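Visitor: Sharing a structure, written as structure tokens. Questions coming.
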Amino acid sequence: MLALSTEVQPILLKEQQTMPTHNRLHKIELLAPARDADTGIEAIKHGADAVYIGGPNFGARSAAGNSVDDIARLCNFAHLYGARIYVTLNTILWDSELKAAEELVWQLYHAGVDALIVQDTALLQMKLPPIALHASTQMDNCTPEKAQWLEAAGYKQIVLARETSLEQTRHIAQAVRVPLEAFVHGALCVSYSGRCYASQYCFERSANRGCCAQFCRLAFDLVDDRGNVLVHDKHLLSLKDMNRTADLEAMMDAGVRSFKIEGRLKDSNYVKNVTAWYRQQIDKILAQRADTYVRASYGTSHLTFEPDAKRSFNRGFTNYFLYGRTDAPIHSFATPKAIGPVVGKVGRIERRSFVFEPDANLASPLTAGDGLCFVDADGKLQGFRVNKVEGNMAFPATMPPLKRGTRLHRNLDFAMDKALSKETAKRTLAADISLREVEGGYAIDMADESGCHVTLRFDYPHDEARSPQHGAMVRQLSKLGDTPFTAHHISIQTNGERFIPASVLTEWRRAVCSKLLADHQTSYERDRAARPDEARLKQMLPHELPFTANVSNHLAEAFYKRHGVSNIEPAFELEQPTGTEVPLMTCRHCIRHALGWCVKKKPAHAADKLALRLPDGRTFPLKFDCKHCEMQVLRPRK
């Protein structure tokens, strides 16, 4: 009964028939992290337009590697919805790794990967497949000049430094034609990415090699040049987490096209909730700005829970330097751990319980299993689990040293985690199906919202029915529950009432769905590598590069020399630079500003010469560049 496919007769969803096709529509991408393929699939289900994931090697999160086969599985799932898969190959490479890196790129290309997020310019010297390259944030992308030479080198997307303001973003967007990607949520590196060498110096674990030891989350004393302790045992480099929920439209208008959630080491529950949260926020903007912006992939995510980014792991929130430096705190000196939102305060205290006075903005009731925390009189974070809740009385598993009026944060949301541990989303593509009577049988046309469409012809007699059949046919063709499709519009076009058994219609429906699924894979088009503009590159690149360019192999060196760079310092990991003031970190975060000692506002409260001291005595001088509003953590003086 199943014949070969006839000519395609496309049908269009009603939304597609009226959708504007202006060239000025900008595609907006929600980019989610994945520590493994299953988490990536959940990110797609919960609304991501793209996912970034580590491959087997050479990713900047060495603990988040994945096999090529798993990445291929993720690509097959994502491409059904027009979603893209980016693999992070963003470590600097040793000479001994260049061949393996090149071979891996070919494997990833054949697996269906859409683009690589890279740092090392050695890849620009390799013989690679036509796979798109994105410039990692570790390339320190925060000026129009840097963006222009990256575009000239052939990078198809540029990941901006987290510190980039809206004004800077706007200038960069005006200088290049390639899309800009920016972080909107998650943990913050205190140093400009790619320019942090503290972990390598202290622990021989290079952040540029995917092995960061999180020096910035340690506790320090702040001392002056006379050895006086000005601040004792605080996490002076530890930042809050980024949350730019309120700034998405402003970022779009400034030129951001890809909105990136940080978190390739985060669990699936985190990715589900935060991805779904930003999907909803972005969709609200797209609905209002349909004449300017359009979503980068297809499908609708049907959720079983209400997303709320505040209910996932966080250290408190900041929009960082999106609007330049403000007085809003970006730091979390008390703890580098999750603190979560304020949920209430302590009322009357009894021997084994206390009265919980909920905050007016409490997202969900306090429940047994919740984790609560508070900052004690010494400025230290204390935490405890709630064992039982009766009315307004909370019973901790172990009674902490609470005081009446203490503000409580929830850093473990038991109800949310329980809800997210189940199947929480299904993503579907709206489809139109048309059953047509043709000579010698019937044809079924099926098209989904992505524009993919197929037609299959079936040989079958035109048997007259004794009773109306259109309703039954529509119901049978609408049964798409075990597929990624959902019925949007069903059309029956026959010459009178025809009888087709339900079992036959079921077979036809399955056949056309399978054909549409197969055509999704064969018709999917990946972005392709861009050809570099060699002449522009030679004009743009400087004649000298410091060690912060992270040149760690002969191919990267050859790339720069080929374009006129004559003097190249080796990467910090290969050879420590000479000099008395070597920056291990370069930060927009300023300890003096955080403590209210900014010299631009009033005379310095403390001596100009300040340093961070670890408990083992190692001392790191601080250098303040007030002209550029930056702070450097220097290598200890010998």
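Ordered as shown in the structure tokens, chains take letters A, B, and onward, while each chain numbers its residues from 1 and ligands are numbered from 1 in the order shown.
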Any chance you could tabulate, as CSV, the residues of region 570-611 of chain A at most 12 Å from region 212-218 of chain A with each one's nearest atom pair and distance in Å to one decimal, using only C-alpha atoms, in chain and rising number order?
Guide:
residue,atom,partner,partner_atom,distance
A:Leu584,CA,A:Phe215,CA,10.6
A:Met585,CA,A:Cys216,CA,9.5
A:Thr586,CA,A:Cys216,CA,11.9
A:Cys587,CA,A:Cys216,CA,11.0
A:His589,CA,A:Cys216,CA,11.5
Visitor: Write a file of the just-selected residues containing C-alpha atoms, as a PDB file, in the first residue's frame.
Guide:
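Result file is selection-v1.pdb:
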ATOM      1  CA  LEU A 584      48.315  36.811  37.670  1.00  0.00           C
ATOM      2  CA  MET A 585      44.822  38.273  37.379  1.00  0.00           C
ATOM      3  CA  THR A 586      43.371  41.363  35.743  1.00  0.00           C
ATOM      4  CA  CYS A 587      39.990  42.229  37.214  1.00  0.00           C
ATOM      5  CA  HIS A 589      36.311  43.825  40.450  1.00  0.00           C
TER       6      HIS A 589
END
Visitor: Write out as number ranges by chain each polymer residue whose atoms come within 9 Å of region 549-566 of chain A, counting only C-alpha atoms; drop sequence neighbours fewer than 6 positions from it.
Guide: A: 92-96, 98, 119-126, 139-140, 194-195, 208, 534-535, 537-543, 572-574
Visitor: Quick one: DSSP alpha helix (DSSP H) residues in region 247-340 of chain A, as a VMD selection string?
Guide: chain A and resid 248 to 254 268 to 288
Visitor: Save out the residues we just selected, N, CA and C atoms, as an mmCIF file, in the first residue's frame.
Guide:
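File written: part16.cif
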data_model
loop_
_atom_site.group_PDB
_atom_site.id
_atom_site.type_symbol
_atom_site.label_atom_id
_atom_site.label_comp_id
_atom_site.auth_asym_id
_atom_site.auth_seq_id
_atom_site.Cartn_x
_atom_site.Cartn_y
_atom_site.Cartn_z
ATOM 1 N N LEU A 248 17.645 41.567 29.147
ATOM 2 C CA LEU A 248 17.732 40.820 27.890
ATOM 3 C C LEU A 248 17.406 41.692 26.675
ATOM 4 N N GLU A 249 16.348 42.467 26.760
ATOM 5 C CA GLU A 249 15.969 43.293 25.610
ATOM 6 C C GLU A 249 17.011 44.369 25.343
ATOM 7 N N ALA A 250 17.543 44.950 26.405
ATOM 8 C CA ALA A 250 18.595 45.955 26.231
ATOM 9 C C ALA A 250 19.820 45.341 25.572
ATOM 10 N N MET A 251 20.144 44.109 25.925
ATOM 11 C CA MET A 251 21.282 43.425 25.310
ATOM 12 C C MET A 251 21.013 43.140 23.837
ATOM 13 N N MET A 252 19.782 42.718 23.515
ATOM 14 C CA MET A 252 19.436 42.502 22.107
ATOM 15 C C MET A 252 19.620 43.784 21.313
ATOM 16 N N ASP A 253 19.096 44.882 21.850
ATOM 17 C CA ASP A 253 19.170 46.148 21.130
ATOM 18 C C ASP A 253 20.595 46.661 21.012
ATOM 19 N N ALA A 254 21.471 46.211 21.926
ATOM 20 C CA ALA A 254 22.885 46.600 21.842
ATOM 21 C C ALA A 254 23.644 45.747 20.831
ATOM 22 N N SER A 268 21.724 18.297 35.799
ATOM 23 C CA SER A 268 20.604 18.413 34.870
ATOM 24 C C SER A 268 19.487 19.284 35.434
ATOM 25 N N ASN A 269 19.230 19.200 36.741
ATOM 26 C CA ASN A 269 18.161 20.000 37.341
ATOM 27 C C ASN A 269 18.420 21.495 37.152
ATOM 28 N N TYR A 270 19.661 21.899 37.357
ATOM 29 C CA TYR A 270 20.032 23.300 37.168
ATOM 30 C C TYR A 270 19.778 23.720 35.721
ATOM 31 N N VAL A 271 20.236 22.916 34.782
ATOM 32 C CA VAL A 271 20.115 23.256 33.360
ATOM 33 C C VAL A 271 18.649 23.316 32.944
ATOM 34 N N LYS A 272 17.855 22.374 33.408
ATOM 35 C CA LYS A 272 16.422 22.384 33.088
ATOM 36 C C LYS A 272 15.766 23.688 33.526
ATOM 37 N N ASN A 273 15.941 24.026 34.792
ATOM 38 C CA ASN A 273 15.248 25.175 35.365
ATOM 39 C C ASN A 273 15.716 26.494 34.756
ATOM 40 N N VAL A 274 17.027 26.693 34.688
ATOM 41 C CA VAL A 274 17.541 27.978 34.209
ATOM 42 C C VAL A 274 17.273 28.153 32.714
ATOM 43 N N THR A 275 17.411 27.072 31.941
ATOM 44 C CA THR A 275 17.106 27.157 30.507
ATOM 45 C C THR A 275 15.640 27.504 30.282
ATOM 46 N N ALA A 276 14.750 26.808 30.977
ATOM 47 C CA ALA A 276 13.317 27.074 30.818
ATOM 48 C C ALA A 276 12.968 28.496 31.245
ATOM 49 N N TRP A 277 13.633 28.989 32.304
ATOM 50 C CA TRP A 277 13.404 30.355 32.778
ATOM 51 C C TRP A 277 13.760 31.377 31.684
ATOM 52 N N TYR A 278 14.946 31.251 31.103
ATOM 53 C CA TYR A 278 15.358 32.223 30.082
ATOM 54 C C TYR A 278 14.572 32.043 28.785
ATOM 55 N N ARG A 279 14.119 30.812 28.506
ATOM 56 C CA ARG A 279 13.265 30.620 27.333
ATOM 57 C C ARG A 279 11.998 31.462 27.470
ATOM 58 N N GLN A 280 11.388 31.417 28.633
ATOM 59 C CA GLN A 280 10.160 32.181 28.845
ATOM 60 C C GLN A 280 10.409 33.679 28.757
ATOM 61 N N GLN A 281 11.509 34.135 29.352
ATOM 62 C CA GLN A 281 11.797 35.573 29.349
ATOM 63 C C GLN A 281 12.092 36.075 27.933
ATOM 64 N N ILE A 282 12.862 35.313 27.178
ATOM 65 C CA ILE A 282 13.194 35.718 25.803
ATOM 66 C C ILE A 282 11.955 35.682 24.918
ATOM 67 N N ASP A 283 11.110 34.660 25.105
ATOM 68 C CA ASP A 283 9.904 34.555 24.273
ATOM 69 C C ASP A 283 8.965 35.735 24.469
ATOM 70 N N LYS A 284 8.907 36.262 25.692
ATOM 71 C CA LYS A 284 8.071 37.441 25.935
ATOM 72 C C LYS A 284 8.546 38.618 25.084
ATOM 73 N N ILE A 285 9.857 38.756 24.993
ATOM 74 C CA ILE A 285 10.425 39.857 24.194
ATOM 75 C C ILE A 285 10.177 39.610 22.708
ATOM 76 N N LEU A 286 10.397 38.382 22.261
ATOM 77 C CA LEU A 286 10.204 38.072 20.838
ATOM 78 C C LEU A 286 8.760 38.308 20.413
ATOM 79 N N ALA A 287 7.816 38.015 21.301
ATOM 80 C CA ALA A 287 6.408 38.235 20.967
ATOM 81 C C ALA A 287 6.110 39.719 20.781
ATOM 82 N N GLN A 288 6.772 40.558 21.563
ATOM 83 C CA GLN A 288 6.540 42.002 21.471
ATOM 84 C C GLN A 288 7.352 42.661 20.362
#
Visitor: Using only C-alpha atoms, which residues sit within 8 Å of region 477-484 of chain A once same-chain residues fewer than 3 positions away are excluded, as number ranges by chain?
Guide: A: 427-429, 433, 473-474, 487, 490, 505-506, 509, 513
Visitor: Those same residues, written as a PDB file, in the first residue's frame with C-alpha atoms?
Guide:
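Saved result, again-v9.pdb, follows:
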ATOM      1  CA  ARG A 427       9.378  19.765  23.002  1.00  0.00           C
ATOM      2  CA  THR A 428       7.083  19.473  20.018  1.00  0.00           C
ATOM      3  CA  LEU A 429       6.907  20.761  16.473  1.00  0.00           C
ATOM      4  CA  ILE A 433      -1.356  17.126   7.827  1.00  0.00           C
ATOM      5  CA  MET A 473      -9.943  10.382   9.997  1.00  0.00           C
ATOM      6  CA  VAL A 474      -8.947  13.651  11.670  1.00  0.00           C
ATOM      7  CA  ALA A 487      -1.196  18.294  15.269  1.00  0.00           C
ATOM      8  CA  ILE A 490      -5.672  18.385   9.798  1.00  0.00           C
ATOM      9  CA  LEU A 505      -4.523   5.274   8.575  1.00  0.00           C
ATOM     10  CA  THR A 506      -2.263   4.465  11.521  1.00  0.00           C
ATOM     11  CA  ARG A 509       0.528   8.274   9.658  1.00  0.00           C
ATOM     12  CA  CYS A 513       6.064  10.888  10.306  1.00  0.00           C
TER      13      CYS A 513
END
Visitor: Env of region 527-530 of chain A: 7 Å cut, atoms = only C-alpha atoms, seq-sep filter 6 positions within chain, self excluded. Answer as a list in words.
Guide: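 Returned residues: Asp114, Pro130, Ile131, Ala132, Leu133, Gly154, Tyr155 and Lys156 of chain A.
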Visitor: Measure the distance from CA of Lys337 (chain A) to CA of Arg618 (chain A) in Å and round it to one decimal.
Guide: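 So the answer is 23.4 Å.
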Visitor: Residues of region 317-368 of chain A that approach region 219-241 of chain A to 6 Å or less, counting only C-alpha atoms: could you list each one with the shortest pair of atoms and its distance in Å to one decimal, rows by chain and increasing residue number, as CSV?
Guide:
residue,atom,partner,partner_atom,distance
A:Phe317,CA,A:Asp241,CA,5.0
A:Ile330,CA,A:Lys240,CA,5.7
A:His331,CA,A:Leu239,CA,4.1
A:Ser332,CA,A:Leu239,CA,5.2
A:Phe333,CA,A:His235,CA,4.5
A:Pro336,CA,A:Ser238,CA,5.9
Visitor: Calculate how many Å separate CA of Pro179 (chain A) from CA of Cys196 (chain A), rounding to one decimal.
Guide: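 A separation of 25.9 Å between them.
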Visitor: Which polymer residues have any atom within 12 Å of an atom of region 262-264 of chain A, counting only C-alpha atoms, with same-chain residues fewer than 2 positions away left out, as JSON, numbers by chain?
Guide: {"A": [30, 31, 32, 33, 34, 35, 36, 37, 39, 40, 43, 51, 52, 53, 54, 55, 59, 60, 61, 62, 63, 64, 65, 66, 87, 88, 137, 162, 182, 183, 184, 185, 186, 187, 188, 189, 210, 241, 242, 243, 259, 260, 266, 267, 268, 269, 270, 271, 272, 274, 275, 312, 313, 314]}
Visitor: Counting only C-alpha atoms, what is within 9 Å of region 347-362 of chain A, bar same-chain residues fewer than 6 positions away, as number ranges by chain?
Guide: A: 341, 392-399, 402-406
Visitor: Any chance you can output those residues with N, CA and C atoms as a short mmCIF file (atom, residue, chain, number, x, y, z; two decimals), in the first residue's frame?
Guide:
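New file out_38.cif:
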data_model
loop_
_atom_site.label_atom_id
_atom_site.label_comp_id
_atom_site.auth_asym_id
_atom_site.auth_seq_id
_atom_site.Cartn_x
_atom_site.Cartn_y
_atom_site.Cartn_z
N PRO A 341 18.19 32.74 47.59
CA PRO A 341 17.41 33.95 47.88
C PRO A 341 17.00 34.03 49.35
N ASN A 392 3.94 27.60 61.34
CA ASN A 392 5.05 28.54 61.19
C ASN A 392 6.26 28.14 62.01
N MET A 393 6.25 26.90 62.53
CA MET A 393 7.38 26.41 63.31
C MET A 393 8.28 25.52 62.45
N ALA A 394 9.57 25.83 62.45
CA ALA A 394 10.55 25.03 61.71
C ALA A 394 11.43 24.28 62.71
N PHE A 395 11.67 23.00 62.43
CA PHE A 395 12.45 22.14 63.31
C PHE A 395 13.72 21.71 62.57
N PRO A 396 14.87 22.33 62.86
CA PRO A 396 16.11 21.92 62.20
C PRO A 396 16.55 20.53 62.62
N ALA A 397 17.31 19.87 61.74
CA ALA A 397 17.88 18.58 62.10
C ALA A 397 18.82 18.73 63.30
N THR A 398 19.62 19.81 63.29
CA THR A 398 20.45 20.20 64.42
C THR A 398 20.26 21.69 64.64
N MET A 399 19.95 22.07 65.85
CA MET A 399 19.63 23.48 66.11
C MET A 399 20.87 24.36 65.97
N LEU A 402 21.02 30.46 66.21
CA LEU A 402 20.21 31.51 65.62
C LEU A 402 19.94 32.63 66.61
N LYS A 403 19.66 33.81 66.07
CA LYS A 403 19.20 34.94 66.87
C LYS A 403 17.93 35.49 66.23
N ARG A 404 17.08 36.02 67.06
CA ARG A 404 15.83 36.58 66.55
C ARG A 404 16.13 37.69 65.54
N GLY A 405 15.43 37.67 64.43
CA GLY A 405 15.62 38.66 63.38
C GLY A 405 16.64 38.27 62.32
N THR A 406 17.34 37.14 62.53
CA THR A 406 18.34 36.69 61.55
C THR A 406 17.68 36.42 60.19
#
Visitor: Can you work out the spacing between CA of Asn411 (chain A) and CA of Asp370 (chain A) in Å, to one decimal?
Guide: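 Distance between the two atoms: 7.9 Å.
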Visitor: Using only C-alpha atoms, determine which residues lie at most 10 Å from Ala431 (chain A), disregarding the query and same-chain residues fewer than 6 positions distant; provide the list as a PyMOL selection string.
Guide: chain A and resi 11-13+446-453+478+480+484-490
Visitor: As a VMD selection string, list the residues of region 154-308 of chain A assigned to strand (DSSP E) by DSSP on the backbone atoms of this structure.
Guide: chain A and resid 157 to 159 180 to 186 220 to 224 229 to 234 241 to 243 256 to 261 293 to 295 300 to 303
Visitor: Write out the residues from the selection above, keeping C-alpha atoms, as a JSON list (two decimals), in the first residue's frame.
Guide:
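For reference, out-v7.json as written:
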[["chain", "number", "residue", "atom", "x", "y", "z"],
["A", 157, "GLN", "CA", 30.68, 34.14, 16.24],
["A", 158, "ILE", "CA", 32.44, 36.10, 18.99],
["A", 159, "VAL", "CA", 31.92, 35.37, 22.69],
["A", 180, "LEU", "CA", 27.94, 38.45, 19.24],
["A", 181, "GLU", "CA", 27.48, 36.00, 22.08],
["A", 182, "ALA", "CA", 27.25, 37.15, 25.70],
["A", 183, "PHE", "CA", 26.81, 35.49, 29.07],
["A", 184, "VAL", "CA", 23.54, 36.15, 30.89],
["A", 185, "HIS", "CA", 23.59, 33.76, 33.85],
["A", 186, "GLY", "CA", 25.86, 31.76, 36.10],
["A", 220, "PHE", "CA", 42.44, 35.87, 52.24],
["A", 221, "ASP", "CA", 43.61, 38.52, 54.65],
["A", 222, "LEU", "CA", 43.91, 42.01, 53.19],
["A", 223, "VAL", "CA", 47.15, 43.56, 54.47],
["A", 224, "ASP", "CA", 48.96, 46.85, 53.96],
["A", 229, "VAL", "CA", 45.58, 43.18, 58.70],
["A", 230, "LEU", "CA", 42.79, 45.38, 57.35],
["A", 231, "VAL", "CA", 40.35, 42.56, 56.56],
["A", 232, "HIS", "CA", 40.67, 39.09, 58.06],
["A", 233, "ASP", "CA", 39.78, 35.74, 56.51],
["A", 234, "LYS", "CA", 37.33, 36.86, 53.80],
["A", 241, "ASP", "CA", 26.59, 34.88, 40.15],
["A", 242, "MET", "CA", 25.39, 36.70, 37.04],
["A", 243, "ASN", "CA", 21.68, 37.17, 36.40],
["A", 256, "VAL", "CA", 23.81, 40.53, 21.34],
["A", 257, "ARG", "CA", 22.42, 37.64, 19.31],
["A", 258, "SER", "CA", 23.35, 34.63, 21.45],
["A", 259, "PHE", "CA", 22.50, 34.54, 25.17],
["A", 260, "LYS", "CA", 24.74, 32.13, 27.05],
["A", 261, "ILE", "CA", 24.07, 30.37, 30.34],
["A", 293, "TYR", "CA", 13.76, 39.59, 16.35],
["A", 294, "VAL", "CA", 12.98, 35.95, 15.67],
["A", 295, "ARG", "CA", 13.84, 32.75, 17.49],
["A", 300, "THR", "CA", 7.37, 24.54, 21.86],
["A", 301, "SER", "CA", 8.48, 23.25, 25.26],
["A", 302, "HIS", "CA", 5.63, 21.90, 27.37],
["A", 303, "LEU", "CA", 6.68, 22.08, 31.04]]
